[in-house]
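Asker: My file is query.cif. It has mmCIF, C-alpha atoms and all ligand atoms:
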```cif
data_data
#
loop_
_atom_site.label_atom_id
_atom_site.label_comp_id
_atom_site.auth_asym_id
_atom_site.auth_seq_id
_atom_site.Cartn_x
_atom_site.Cartn_y
_atom_site.Cartn_z
CA MET A 1 0.00 0.00 0.00
CA LEU A 2 1.09 3.53 -0.55
CA SER A 3 2.94 5.01 2.34
CA SER A 4 3.33 8.70 1.80
CA PRO A 5 1.00 11.61 1.17
CA GLY A 6 1.09 12.76 -2.42
CA ARG A 7 1.27 9.39 -4.09
CA GLY A 8 -2.51 9.19 -4.38
CA LEU A 9 -2.32 12.34 -6.46
CA PHE A 10 0.36 10.82 -8.61
CA ARG A 11 -1.71 7.67 -9.17
CA LEU A 12 -4.75 9.74 -10.10
CA CYS A 13 -2.83 11.48 -12.85
CA LEU A 14 -1.15 8.28 -13.99
CA VAL A 15 -4.30 6.22 -14.32
CA LEU A 16 -6.40 8.95 -15.89
CA ALA A 17 -3.68 9.87 -18.34
CA SER A 18 -3.36 6.21 -19.26
CA ALA A 19 -6.93 6.29 -20.52
CA CYS A 20 -5.59 8.24 -23.45
CA ALA A 21 -3.11 5.49 -24.29
CA ALA A 22 -5.21 4.07 -27.08
CA LEU A 23 -6.29 7.40 -28.43
CA GLN A 24 -3.69 7.82 -31.12
CA SER A 25 -4.66 4.62 -32.87
CA ALA A 26 -8.34 5.45 -32.35
CA GLU A 27 -7.81 8.70 -34.18
CA GLN A 28 -6.42 6.62 -36.98
CA GLY A 29 -9.69 4.74 -37.15
CA ASN A 30 -8.78 1.52 -35.35
CA SER A 31 -12.00 0.56 -33.61
CA VAL A 32 -10.35 -2.31 -31.74
CA THR A 33 -8.52 0.20 -29.59
CA ASP A 34 -11.30 2.69 -29.04
CA PRO A 35 -10.36 4.92 -26.13
CA LEU A 36 -12.24 4.52 -22.88
CA ASN A 37 -14.45 7.28 -21.56
CA VAL A 38 -13.76 8.70 -18.11
CA LEU A 39 -16.29 9.47 -15.40
CA PHE A 40 -14.48 11.35 -12.64
CA ILE A 41 -16.47 11.72 -9.41
CA VAL A 42 -15.14 14.07 -6.74
CA VAL A 43 -16.96 14.49 -3.45
CA ASP A 44 -16.54 17.54 -1.21
CA ASP A 45 -15.06 16.99 2.28
CA LEU A 46 -15.55 13.22 2.26
CA ARG A 47 -13.23 11.25 4.50
CA PRO A 48 -13.23 7.47 3.99
CA THR A 49 -16.24 6.92 6.27
CA LEU A 50 -17.52 4.31 3.85
CA GLY A 51 -18.36 0.65 4.08
CA CYS A 52 -15.63 -0.19 1.59
CA TYR A 53 -13.09 1.34 3.97
CA GLY A 54 -14.32 -0.77 6.87
CA ASP A 55 -16.76 1.67 8.44
CA LYS A 56 -19.40 -0.48 10.13
CA LEU A 57 -21.93 2.27 10.71
CA VAL A 58 -22.11 4.26 7.49
CA ARG A 59 -24.36 2.93 4.77
CA SER A 60 -22.74 3.55 1.39
CA PRO A 61 -23.81 0.53 -0.65
CA ASN A 62 -23.44 2.16 -4.06
CA ILE A 63 -19.93 3.49 -3.48
CA ASP A 64 -19.08 0.12 -1.93
CA GLN A 65 -20.34 -1.58 -5.06
CA LEU A 66 -18.11 0.64 -7.18
CA ALA A 67 -15.22 -0.24 -4.87
CA SER A 68 -15.92 -3.94 -5.33
CA HIS A 69 -15.14 -3.54 -9.04
CA SER A 70 -12.27 -1.12 -8.51
CA LEU A 71 -8.71 -0.72 -7.43
CA LEU A 72 -9.17 0.73 -3.93
CA PHE A 73 -6.39 2.79 -2.36
CA GLN A 74 -6.08 2.60 1.41
CA ASN A 75 -3.56 5.36 1.98
CA ALA A 76 -4.39 8.19 -0.39
CA PHE A 77 -3.96 11.71 0.94
CA ALA A 78 -4.88 15.15 -0.32
CA GLN A 79 -2.05 17.60 -0.72
CA GLN A 80 -3.81 20.08 1.54
CA ALA A 81 -7.05 19.90 3.53
CA VAL A 82 -8.59 22.92 1.82
CA CYS A 83 -10.86 22.77 -1.24
CA ALA A 84 -9.16 25.10 -3.71
CA PRO A 85 -5.50 24.16 -3.21
CA SER A 86 -6.36 20.46 -3.15
CA ARG A 87 -8.44 20.60 -6.31
CA VAL A 88 -6.01 22.78 -8.23
CA SER A 89 -3.31 20.35 -7.15
CA PHE A 90 -4.92 17.13 -8.33
CA LEU A 91 -6.44 18.69 -11.42
CA THR A 92 -3.07 20.02 -12.55
CA GLY A 93 -1.06 17.11 -11.18
CA ARG A 94 1.16 19.51 -9.28
CA ARG A 95 1.75 20.13 -5.60
CA PRO A 96 0.63 23.38 -3.94
CA ASP A 97 4.32 24.30 -3.70
CA THR A 98 4.25 24.48 -7.50
CA THR A 99 0.77 25.94 -8.07
CA ARG A 100 1.55 28.50 -5.32
CA LEU A 101 -1.99 28.17 -4.07
CA TYR A 102 -2.50 27.49 -0.36
CA ASP A 103 -5.77 29.41 -0.03
CA PHE A 104 -8.50 30.60 -2.43
CA ASN A 105 -7.02 33.77 -3.81
CA SER A 106 -5.02 33.25 -6.96
CA TYR A 107 -5.28 31.58 -10.37
CA TRP A 108 -2.33 29.36 -11.12
CA ARG A 109 -2.05 30.27 -14.80
CA VAL A 110 -1.39 33.89 -13.79
CA HIS A 111 0.49 33.53 -10.52
CA ALA A 112 2.39 30.26 -10.76
CA GLY A 113 2.64 28.78 -14.24
CA ASN A 114 0.47 28.07 -17.25
CA PHE A 115 0.00 24.44 -16.27
CA SER A 116 -2.36 22.18 -18.19
CA THR A 117 -5.10 20.37 -16.31
CA ILE A 118 -6.15 16.74 -16.55
CA PRO A 119 -9.42 17.59 -18.37
CA GLN A 120 -7.49 19.96 -20.65
CA TYR A 121 -5.16 17.11 -21.54
CA PHE A 122 -8.11 14.91 -22.48
CA LYS A 123 -9.70 17.74 -24.43
CA GLU A 124 -6.55 18.33 -26.42
CA LYS A 125 -6.49 14.60 -27.22
CA GLY A 126 -9.94 14.68 -28.75
CA TYR A 127 -12.19 14.02 -25.76
CA VAL A 128 -15.36 15.95 -25.04
CA THR A 129 -14.73 17.28 -21.53
CA MET A 130 -17.59 18.32 -19.27
CA SER A 131 -17.87 19.64 -15.72
CA VAL A 132 -20.93 19.22 -13.51
CA GLY A 133 -21.16 20.72 -10.02
CA LYS A 134 -18.11 21.51 -7.90
CA VAL A 135 -15.06 20.22 -9.74
CA PHE A 136 -12.72 23.18 -9.63
CA HIS A 137 -13.29 25.33 -6.59
CA PRO A 138 -15.36 28.26 -7.85
CA GLY A 139 -14.03 31.82 -7.71
CA ILE A 140 -10.63 33.38 -8.20
CA SER A 141 -8.72 30.09 -7.94
CA SER A 142 -10.31 28.89 -11.19
CA ASN A 143 -10.57 32.33 -12.83
CA HIS A 144 -14.31 32.58 -12.01
CA SER A 145 -14.88 30.18 -14.90
CA ASP A 146 -13.86 26.70 -13.65
CA ASP A 147 -10.84 27.18 -15.91
CA ALA A 148 -13.06 27.42 -18.99
CA PRO A 149 -12.45 27.39 -21.83
CA TYR A 150 -9.11 25.58 -21.36
CA SER A 151 -10.40 22.59 -19.41
CA TRP A 152 -13.90 22.13 -20.78
CA SER A 153 -15.53 21.59 -24.16
CA ILE A 154 -18.85 23.03 -23.02
CA PRO A 155 -19.68 25.57 -20.29
CA PRO A 156 -19.44 24.01 -16.81
CA TYR A 157 -22.76 23.30 -15.14
CA HIS A 158 -23.68 24.49 -11.66
CA PRO A 159 -26.99 23.51 -10.06
CA SER A 160 -29.38 26.43 -9.70
CA SER A 161 -30.35 25.43 -6.14
CA GLU A 162 -26.78 25.89 -4.92
CA LYS A 163 -27.57 29.50 -4.10
CA TYR A 164 -29.82 28.39 -1.24
CA GLU A 165 -27.17 26.40 0.57
CA ASN A 166 -26.15 29.12 2.98
CA ILE A 167 -29.35 31.02 3.50
CA LYS A 168 -32.17 30.36 5.95
CA THR A 169 -33.75 27.20 4.63
CA CYS A 170 -33.43 24.96 7.71
CA ARG A 171 -36.62 24.65 9.71
CA GLY A 172 -35.83 24.75 13.41
CA PRO A 173 -37.79 23.51 16.43
CA ASP A 174 -39.38 26.98 16.62
CA GLY A 175 -40.93 26.44 13.18
CA GLU A 176 -38.86 29.27 11.69
CA LEU A 177 -36.21 29.02 8.98
CA HIS A 178 -32.57 29.33 10.01
CA ALA A 179 -29.08 29.14 8.51
CA ASN A 180 -28.04 26.15 10.56
CA LEU A 181 -25.21 23.67 10.47
CA LEU A 182 -27.63 20.78 10.90
CA CYS A 183 -30.14 21.10 8.11
CA PRO A 184 -32.17 18.00 7.31
CA VAL A 185 -34.89 19.21 4.95
CA ASP A 186 -38.11 18.08 3.38
CA VAL A 187 -37.09 18.44 -0.26
CA ARG A 188 -40.67 19.35 -1.21
CA ASP A 189 -40.38 22.31 1.17
CA VAL A 190 -37.13 23.90 -0.09
CA PRO A 191 -36.76 26.53 -2.83
CA GLU A 192 -37.07 24.96 -6.31
CA GLY A 193 -38.07 21.67 -4.65
CA THR A 194 -34.66 20.13 -5.17
CA LEU A 195 -31.09 20.06 -3.88
CA PRO A 196 -27.80 20.78 -5.70
CA ASP A 197 -26.49 17.22 -5.77
CA LYS A 198 -29.78 15.87 -7.09
CA GLN A 199 -29.64 18.43 -9.88
CA SER A 200 -26.02 17.55 -10.65
CA THR A 201 -26.90 13.88 -10.96
CA GLU A 202 -29.76 14.68 -13.34
CA GLN A 203 -27.54 16.92 -15.46
CA ALA A 204 -24.75 14.34 -15.55
CA ILE A 205 -27.17 11.62 -16.67
CA GLN A 206 -28.47 13.90 -19.43
CA LEU A 207 -24.91 14.42 -20.63
CA LEU A 208 -24.26 10.67 -20.56
CA GLU A 209 -27.36 10.14 -22.67
CA LYS A 210 -26.08 12.66 -25.20
CA MET A 211 -22.62 11.11 -25.24
CA LYS A 212 -23.84 7.54 -25.65
CA THR A 213 -23.88 7.81 -29.41
CA ALA A 214 -21.21 10.48 -29.80
CA ALA A 215 -18.32 9.80 -32.12
CA ARG A 216 -15.79 11.12 -29.64
CA PRO A 217 -14.94 9.77 -26.18
CA PHE A 218 -15.82 11.84 -23.12
CA PHE A 219 -14.33 12.95 -19.84
CA LEU A 220 -17.19 13.82 -17.50
CA ALA A 221 -16.32 15.27 -14.09
CA VAL A 222 -19.09 15.30 -11.51
CA GLY A 223 -18.49 17.19 -8.27
CA TYR A 224 -20.87 16.53 -5.38
CA HIS A 225 -21.30 19.18 -2.67
CA LYS A 226 -22.16 17.07 0.35
CA PRO A 227 -20.98 16.24 2.99
CA HIS A 228 -19.54 19.76 2.97
CA ILE A 229 -21.27 21.96 5.53
CA PRO A 230 -24.05 22.92 6.00
CA PHE A 231 -25.44 19.43 6.34
CA ARG A 232 -28.43 20.14 4.13
CA TYR A 233 -29.83 16.83 2.98
CA PRO A 234 -33.18 15.03 2.63
CA LYS A 235 -34.33 14.46 6.18
CA GLU A 236 -35.21 10.81 5.66
CA PHE A 237 -31.51 9.99 5.67
CA GLN A 238 -31.39 10.80 9.38
CA LYS A 239 -33.39 7.63 9.99
CA LEU A 240 -30.38 5.58 8.94
CA TYR A 241 -28.50 6.89 11.95
CA PRO A 242 -30.52 6.90 15.20
CA LEU A 243 -28.72 9.10 17.73
CA GLU A 244 -28.43 6.20 20.16
CA ASN A 245 -26.22 4.44 17.62
CA ILE A 246 -23.88 7.39 17.16
CA THR A 247 -20.59 7.08 19.00
CA LEU A 248 -18.18 9.92 19.70
CA ALA A 249 -14.66 10.33 18.40
CA PRO A 250 -12.34 7.96 20.30
CA ASN A 251 -9.77 10.73 20.77
CA PRO A 252 -11.83 13.90 21.30
CA TRP A 253 -9.22 15.88 23.20
CA VAL A 254 -7.01 18.67 21.95
CA PRO A 255 -3.55 17.08 22.26
CA ALA A 256 -1.48 18.37 25.16
CA GLY A 257 1.21 20.74 23.94
CA LEU A 258 -0.35 21.13 20.50
CA PRO A 259 1.07 24.28 18.87
CA PRO A 260 -1.79 26.70 18.14
CA VAL A 261 -0.73 26.82 14.49
CA ALA A 262 -1.61 23.13 14.16
CA TYR A 263 -5.18 23.72 15.31
CA ASN A 264 -8.09 25.19 13.41
CA PRO A 265 -10.91 26.67 15.53
CA TRP A 266 -13.67 25.70 13.05
CA MET A 267 -14.99 29.24 12.75
CA ASP A 268 -17.07 28.21 9.74
CA LEU A 269 -19.18 26.02 12.02
CA ARG A 270 -19.45 28.64 14.72
CA GLN A 271 -21.06 31.07 12.29
CA ARG A 272 -24.08 28.82 11.83
CA GLU A 273 -27.09 29.84 13.89
CA ASP A 274 -27.50 26.55 15.72
CA VAL A 275 -23.81 26.41 16.67
CA ALA A 276 -23.62 30.10 17.58
CA ALA A 277 -26.49 29.56 20.01
CA LEU A 278 -24.32 27.13 21.98
CA ASN A 279 -21.88 29.91 23.03
CA ILE A 280 -18.90 27.60 22.66
CA SER A 281 -15.59 28.96 23.85
CA VAL A 282 -13.06 30.00 21.21
CA PRO A 283 -10.78 28.46 20.06
CA TYR A 284 -10.95 25.01 21.62
CA GLY A 285 -14.55 24.43 22.61
CA PRO A 286 -15.62 21.76 23.39
CA ILE A 287 -18.94 21.22 21.69
CA PRO A 288 -21.56 19.68 24.03
CA VAL A 289 -21.63 15.90 23.67
CA ASP A 290 -25.25 15.77 22.54
CA PHE A 291 -24.50 18.20 19.72
CA GLN A 292 -21.36 16.27 18.78
CA ARG A 293 -23.60 13.25 18.19
CA LYS A 294 -25.90 15.33 16.02
CA ILE A 295 -23.02 16.61 13.90
CA ARG A 296 -21.76 13.08 13.34
CA GLN A 297 -25.29 11.89 12.58
CA SER A 298 -25.74 14.58 9.94
CA TYR A 299 -22.31 14.00 8.39
CA PHE A 300 -23.07 10.29 8.03
CA ALA A 301 -26.57 11.02 6.69
CA SER A 302 -25.04 13.40 4.13
CA VAL A 303 -22.63 10.67 3.05
CA SER A 304 -25.51 8.24 2.51
CA TYR A 305 -27.39 10.90 0.55
CA VAL A 306 -24.34 11.37 -1.72
CA ASP A 307 -24.09 7.60 -2.01
CA THR A 308 -27.59 7.48 -3.50
CA GLN A 309 -26.58 10.12 -6.04
CA VAL A 310 -23.49 8.13 -6.99
CA GLY A 311 -25.74 5.09 -7.26
CA ARG A 312 -28.16 6.85 -9.62
CA LEU A 313 -25.28 8.08 -11.76
CA LEU A 314 -23.58 4.68 -12.02
CA SER A 315 -26.88 2.94 -12.63
CA ALA A 316 -27.41 5.27 -15.59
CA LEU A 317 -23.97 4.32 -16.86
CA ASP A 318 -25.21 0.73 -16.81
CA ASP A 319 -28.54 1.50 -18.43
CA LEU A 320 -26.81 3.37 -21.25
CA GLN A 321 -24.45 0.45 -21.79
CA LEU A 322 -21.46 2.66 -21.06
CA ALA A 323 -20.16 0.72 -18.05
CA GLY A 324 -18.06 -1.54 -20.26
CA ARG A 325 -16.22 1.34 -21.90
CA THR A 326 -15.95 3.97 -19.17
CA ILE A 327 -13.30 4.33 -16.48
CA VAL A 328 -14.76 5.54 -13.18
CA ALA A 329 -12.47 7.44 -10.83
CA PHE A 330 -13.80 8.34 -7.39
CA THR A 331 -12.17 10.55 -4.77
CA SER A 332 -12.62 13.55 -2.47
CA ASP A 333 -10.72 16.82 -2.10
CA HIS A 334 -9.84 16.11 1.56
CA GLY A 335 -11.26 14.69 4.77
CA TRP A 336 -12.91 16.23 7.81
CA SER A 337 -12.48 15.94 11.57
CA LEU A 338 -15.52 14.51 13.30
CA GLY A 339 -14.39 15.45 16.80
CA GLU A 340 -10.95 13.89 16.71
CA HIS A 341 -8.39 16.10 18.48
CA GLY A 342 -11.21 18.47 19.47
CA GLU A 343 -11.54 19.47 15.82
CA TRP A 344 -14.66 19.83 13.67
CA ALA A 345 -13.18 20.99 10.44
CA LYS A 346 -10.82 20.44 7.58
CA TYR A 347 -7.79 22.77 7.44
CA SER A 348 -5.52 20.88 9.86
CA ASN A 349 -2.87 18.35 8.89
CA PHE A 350 -4.23 15.50 11.01
CA ASP A 351 -4.76 12.40 8.91
CA VAL A 352 -8.55 12.50 9.38
CA THR A 353 -8.56 15.72 7.37
CA THR A 354 -6.01 14.79 4.73
CA ARG A 355 -6.90 11.15 4.00
CA VAL A 356 -9.32 10.60 1.14
CA PRO A 357 -11.09 7.71 -0.58
CA LEU A 358 -9.58 6.88 -3.95
CA MET A 359 -10.64 4.15 -6.33
CA PHE A 360 -10.49 3.38 -10.03
CA TYR A 361 -12.81 1.13 -11.96
CA VAL A 362 -11.26 0.22 -15.30
CA PRO A 363 -13.53 -2.06 -17.36
CA GLY A 364 -11.87 -5.30 -18.33
CA THR A 365 -8.94 -4.54 -16.06
CA THR A 366 -10.06 -4.11 -12.45
CA ALA A 367 -13.14 -6.18 -13.21
CA LEU A 368 -14.37 -8.47 -15.96
CA LEU A 369 -16.35 -6.75 -18.68
CA PRO A 370 -20.12 -6.82 -18.17
CA GLN A 371 -21.60 -9.60 -20.31
CA GLY A 372 -24.93 -9.84 -22.09
CA GLY A 373 -26.88 -7.08 -20.42
CA GLU A 374 -25.34 -7.76 -17.01
CA LYS A 375 -25.72 -4.85 -14.60
CA PHE A 376 -22.48 -3.80 -13.01
CA PHE A 377 -23.88 -0.96 -11.00
CA PRO A 378 -27.52 -1.70 -10.16
CA TYR A 379 -28.84 0.96 -7.80
CA ILE A 380 -28.81 -0.18 -4.19
CA ASP A 381 -31.19 1.44 -1.74
CA PRO A 382 -29.32 2.28 1.49
CA PHE A 383 -32.62 1.96 3.34
CA ASP A 384 -32.84 -1.68 2.30
CA SER A 385 -31.29 -3.41 5.29
CA THR A 386 -31.14 -6.68 3.41
CA SER A 387 -28.67 -5.34 0.84
CA GLU A 388 -25.45 -7.21 1.35
CA LEU A 389 -22.14 -5.58 1.97
CA MET A 390 -19.86 -5.78 -1.01
CA GLN A 391 -16.60 -7.60 -0.83
CA THR A 392 -13.87 -5.12 -1.55
CA GLY A 393 -10.14 -4.78 -1.66
CA THR A 394 -9.59 -7.89 -3.72
CA THR A 395 -7.85 -6.18 -6.62
CA LYS A 396 -4.11 -6.45 -6.21
CA LEU A 397 -2.27 -3.19 -6.16
CA PHE A 398 1.26 -3.97 -7.12
CA PRO A 399 0.93 -5.34 -10.61
CA THR A 400 -0.55 -1.93 -11.38
CA VAL A 401 2.35 0.19 -10.23
CA LEU A 402 4.40 -0.52 -13.30
CA ALA A 403 1.59 -1.46 -15.67
CA PRO A 404 -1.79 -0.04 -14.68
CA PHE A 405 -3.64 -1.71 -17.52
CA TYR A 406 -2.34 -5.23 -17.14
CA ILE A 407 -3.99 -6.54 -14.02
CA SER A 408 -5.39 -9.98 -14.62
CA SER A 409 -9.16 -9.81 -14.79
CA SER A 410 -9.29 -12.94 -12.69
CA SER A 411 -7.74 -11.09 -9.78
CA ALA A 412 -10.60 -8.59 -9.58
CA CA B 501 -13.67 20.50 0.19
#
```
As structure tokens - that is how I would like this structure written.
Answerer:
Amino acid sequence: MLSSPGRGLFRLCLVLASACAALQSAEQGNSVTDPLNVLFIVVDDLRPTLGCYGDKLVRSPNIDQLASHSLLFQNAFAQQAVCAPSRVSFLTGRRPDTTRLYDFNSYWRVHAGNFSTIPQYFKEKGYVTMSVGKVFHPGISSNHSDDAPYSWSIPPYHPSSEKYENIKTCRGPDGELHANLLCPVDVRDVPEGTLPDKQSTEQAIQLLEKMKTAARPFFLAVGYHKPHIPFRYPKEFQKLYPLENITLAPNPWVPAGLPPVAYNPWMDLRQREDVAALNISVPYGPIPVDFQRKIRQSYFASVSYVDTQVGRLLSALDDLQLAGRTIVAFTSDHGWSLGEHGEWAKYSNFDVTTRVPLMFYVPGTTALLPQGGEKFFPYIDPFDSTSELMQTGTTKLFPTVLAPFYISSSSA
């Protein structure tokens, strides 16, 4: 297994770039070596609290199913536990030391170097490249355009309901709407009657439908917003995690002698109305234990909600008969502390904030090709308690280090 931070990033670039390996001959009209499509799924603030990483509580059957067909990395780490520097890093294949971005406030092409991005590389090799949701961090760090037009063949898509994420749409016990951290919602009751990640899934499926018969291969990046705060998700997902089942972090204390620079006081949480009402001391807290349980409950519920979106997306890949000719890469921009070390945030360098899930499904390589209408990614309902846990981690890593495309199918 990989042992040092940064190698996950390297693998991401290596495997995705390898998808272009057959392109030259494809451009010459050799249908035997048609290039594979790429579906790149990036989730915001998702640590590996997933069944496929051994989490016994979280229900993530669709991501687990993807993992069961994939090469699953156990020790992948983001370069930095902040959205923009992490995303610019893995999308350019360069460390923050090279992109010169450690915050949100500069565009690498202007301030560091005119580096190509992974989607740009695919685009220049003849792929149709498309961005749905949060792929690049929006704003200055991607030139207020998600690096369009360089990275994308068509204008990037952002869900219209994203603008409601941080306003008062969370109904509190008083019956009024608040801008809370904990925000389980009745989707029928929210503006536009939908949520950003649901819209992103629908848009991505529409693009897949259009690309099914396209002459050119595609690189489709889909960026999901949850479990980034606020935890605004369909309220039914709370039922998966009764509070009495929610444990606390096993190491909830701020380490003795911790230098203040190594600690982040999670000010973004404190600004939410429900957290502000707790009058928690700055910078170290702690958060009352009952509320800690509620934060963990909502994080896990948000993960299961995202899992259903991933499930819908992959199921569409199946239905459109694209699963046999599309690489699926799945990762997150960084993790999140769920009370470990007294932290409730990203930003720090503790491993809970830097470690990410990372997996690659490569049809015919990490798994046998689907045969005769076989469904590789049938949607699995996380509320169905009879759905079996997937067996994962059976794909051998080390034959792939030197030759990513020559794993024996029988080993998958
Ligand atoms: Ca993030």
Asker: Name each residue within 10 Å of ligand CA 501 (chain B), counting all atoms listed in the file, as a ChimeraX atom specification.
Answerer: /A:42-46,80-87,134,137,224-229,332-336,346-347
Asker: Smallest atom-to-atom distance to Phe122 of chain A: which of A:Ile41, A:Leu208, A:Leu220, A:Phe77, using only C-alpha atoms?
Answerer: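 When distances to Phe122 of chain A are compared using only C-alpha atoms, the smallest one comes from A:Leu220.
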Asker: So the first atom is atom CA of Leu313 of chain A and the second is atom CA of Leu39 of chain A; what is the distance between them in Å, to one decimal place?
Answerer: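 Between atom CA of Leu313 of chain A and atom CA of Leu39 of chain A the gap works out to 9.8 Å.
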Asker: Ranking A:Leu182, A:Leu240, A:Arg171, A:Gly133 by minimum distance to Asp384 of chain A and counting all atoms listed in the file, which one comes first?
Answerer: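 Among A:Leu182, A:Leu240, A:Arg171, A:Gly133, it is A:Leu240 that comes nearest to Asp384 of chain A.
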Asker: Measuring atom to atom with all atoms listed in the file, identify which of A:Val190, A:Leu338, A:Ala221, A:Ile380 is nearest to Trp253 of chain A.
Answerer: A:Leu338
Asker: Find, counting all atoms listed in the file, the residue in A:Arg325, A:Ser160, A:Val310, A:Phe300 that gets nearest to Ala367 of chain A.
Answerer: A:Arg325
Asker: So, counting all atoms listed in the file, which residue among A:Lys239, A:Arg272, A:Arg216, A:His111 is closest to Ile167 of chain A?
Answerer: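 Nearest to Ile167 of chain A: A:Arg272.
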Asker: Counting only C-alpha atoms, select every polymer residue within 12 Å of (-29.9, 10.4, -5.9) as defined in the file's coordinates, and provide the selection as JSON, numbers by chain.
Answerer: {"A": [62, 194, 195, 196, 197, 198, 199, 200, 201, 202, 203, 204, 205, 224, 226, 233, 234, 237, 302, 303, 304, 305, 306, 307, 308, 309, 310, 311, 312, 313, 314, 315, 316, 379, 380, 381, 382]}
Asker: What's around Ser298 of chain A at 7 Å? Count all atoms listed in the file, leave out sequence neighbours fewer than 3 positions away in its own chain, and write the answer as a PDB file with C-alpha atoms, keeping the file's coordinate frame.
Answerer:
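Saved as result-v1.pdb:
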```
ATOM      1  CA  LEU A 182     -27.630  20.780  10.900  1.00  0.00           C
ATOM      2  CA  PHE A 231     -25.440  19.430   6.340  1.00  0.00           C
ATOM      3  CA  GLN A 238     -31.390  10.800   9.380  1.00  0.00           C
ATOM      4  CA  LYS A 294     -25.900  15.330  16.020  1.00  0.00           C
ATOM      5  CA  ILE A 295     -23.020  16.610  13.900  1.00  0.00           C
ATOM      6  CA  ALA A 301     -26.570  11.020   6.690  1.00  0.00           C
ATOM      7  CA  SER A 302     -25.040  13.400   4.130  1.00  0.00           C
TER       8      SER A 302
END
```
Asker: From the set A:Gln297, A:Gln206, A:Ser161, A:Gln79, which residue has the shortest atom-to-atom contact distance to Leu317 of chain A, counting only C-alpha atoms?
Answerer: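 Looking only at the distances to Leu317 of chain A, the closest residue turns out to be A:Gln206.
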Asker: Would you mind listing what lies within 8 Å of Arg100 of chain A as a PyMOL selection string, with only C-alpha atoms counted and same-chain residues fewer than 4 positions away left out?
Answerer: chain A and resi 96+108+111-112
Asker: Would you work out the distance separating atom CA of Arg94 of chain A from atom CA of Phe350 of chain A, expressed in Å to one decimal?
Answerer: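 Those two atoms sit 21.4 Å apart.
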Asker: Interatomic distance between atom CA of Gly324 of chain A and atom CA of Tyr157 of chain A?
Answerer: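 Answer for the atom CA of Gly324 of chain A to atom CA of Tyr157 of chain A separation: 25.8 Å.
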Asker: Please tell me which residues are no farther than 10 Å from (-15.0, 24.8, -8.5) in the file, counting all atoms listed in the file, and write them as a tab-separated table (two decimals) with C-alpha atoms, in the coordinates of the input.
Answerer:
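As written to disk, out17.tsv reads:
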```
chain	number	residue	atom	x	y	z
A	83	CYS	CA	-10.86	22.77	-1.24
A	84	ALA	CA	-9.16	25.10	-3.71
A	87	ARG	CA	-8.44	20.60	-6.31
A	88	VAL	CA	-6.01	22.78	-8.23
A	131	SER	CA	-17.87	19.64	-15.72
A	132	VAL	CA	-20.93	19.22	-13.51
A	133	GLY	CA	-21.16	20.72	-10.02
A	134	LYS	CA	-18.11	21.51	-7.90
A	135	VAL	CA	-15.06	20.22	-9.74
A	136	PHE	CA	-12.72	23.18	-9.63
A	137	HIS	CA	-13.29	25.33	-6.59
A	138	PRO	CA	-15.36	28.26	-7.85
A	139	GLY	CA	-14.03	31.82	-7.71
A	140	ILE	CA	-10.63	33.38	-8.20
A	141	SER	CA	-8.72	30.09	-7.94
A	142	SER	CA	-10.31	28.89	-11.19
A	143	ASN	CA	-10.57	32.33	-12.83
A	144	HIS	CA	-14.31	32.58	-12.01
A	145	SER	CA	-14.88	30.18	-14.90
A	146	ASP	CA	-13.86	26.70	-13.65
A	147	ASP	CA	-10.84	27.18	-15.91
A	156	PRO	CA	-19.44	24.01	-16.81
A	158	HIS	CA	-23.68	24.49	-11.66
A	223	GLY	CA	-18.49	17.19	-8.27
```
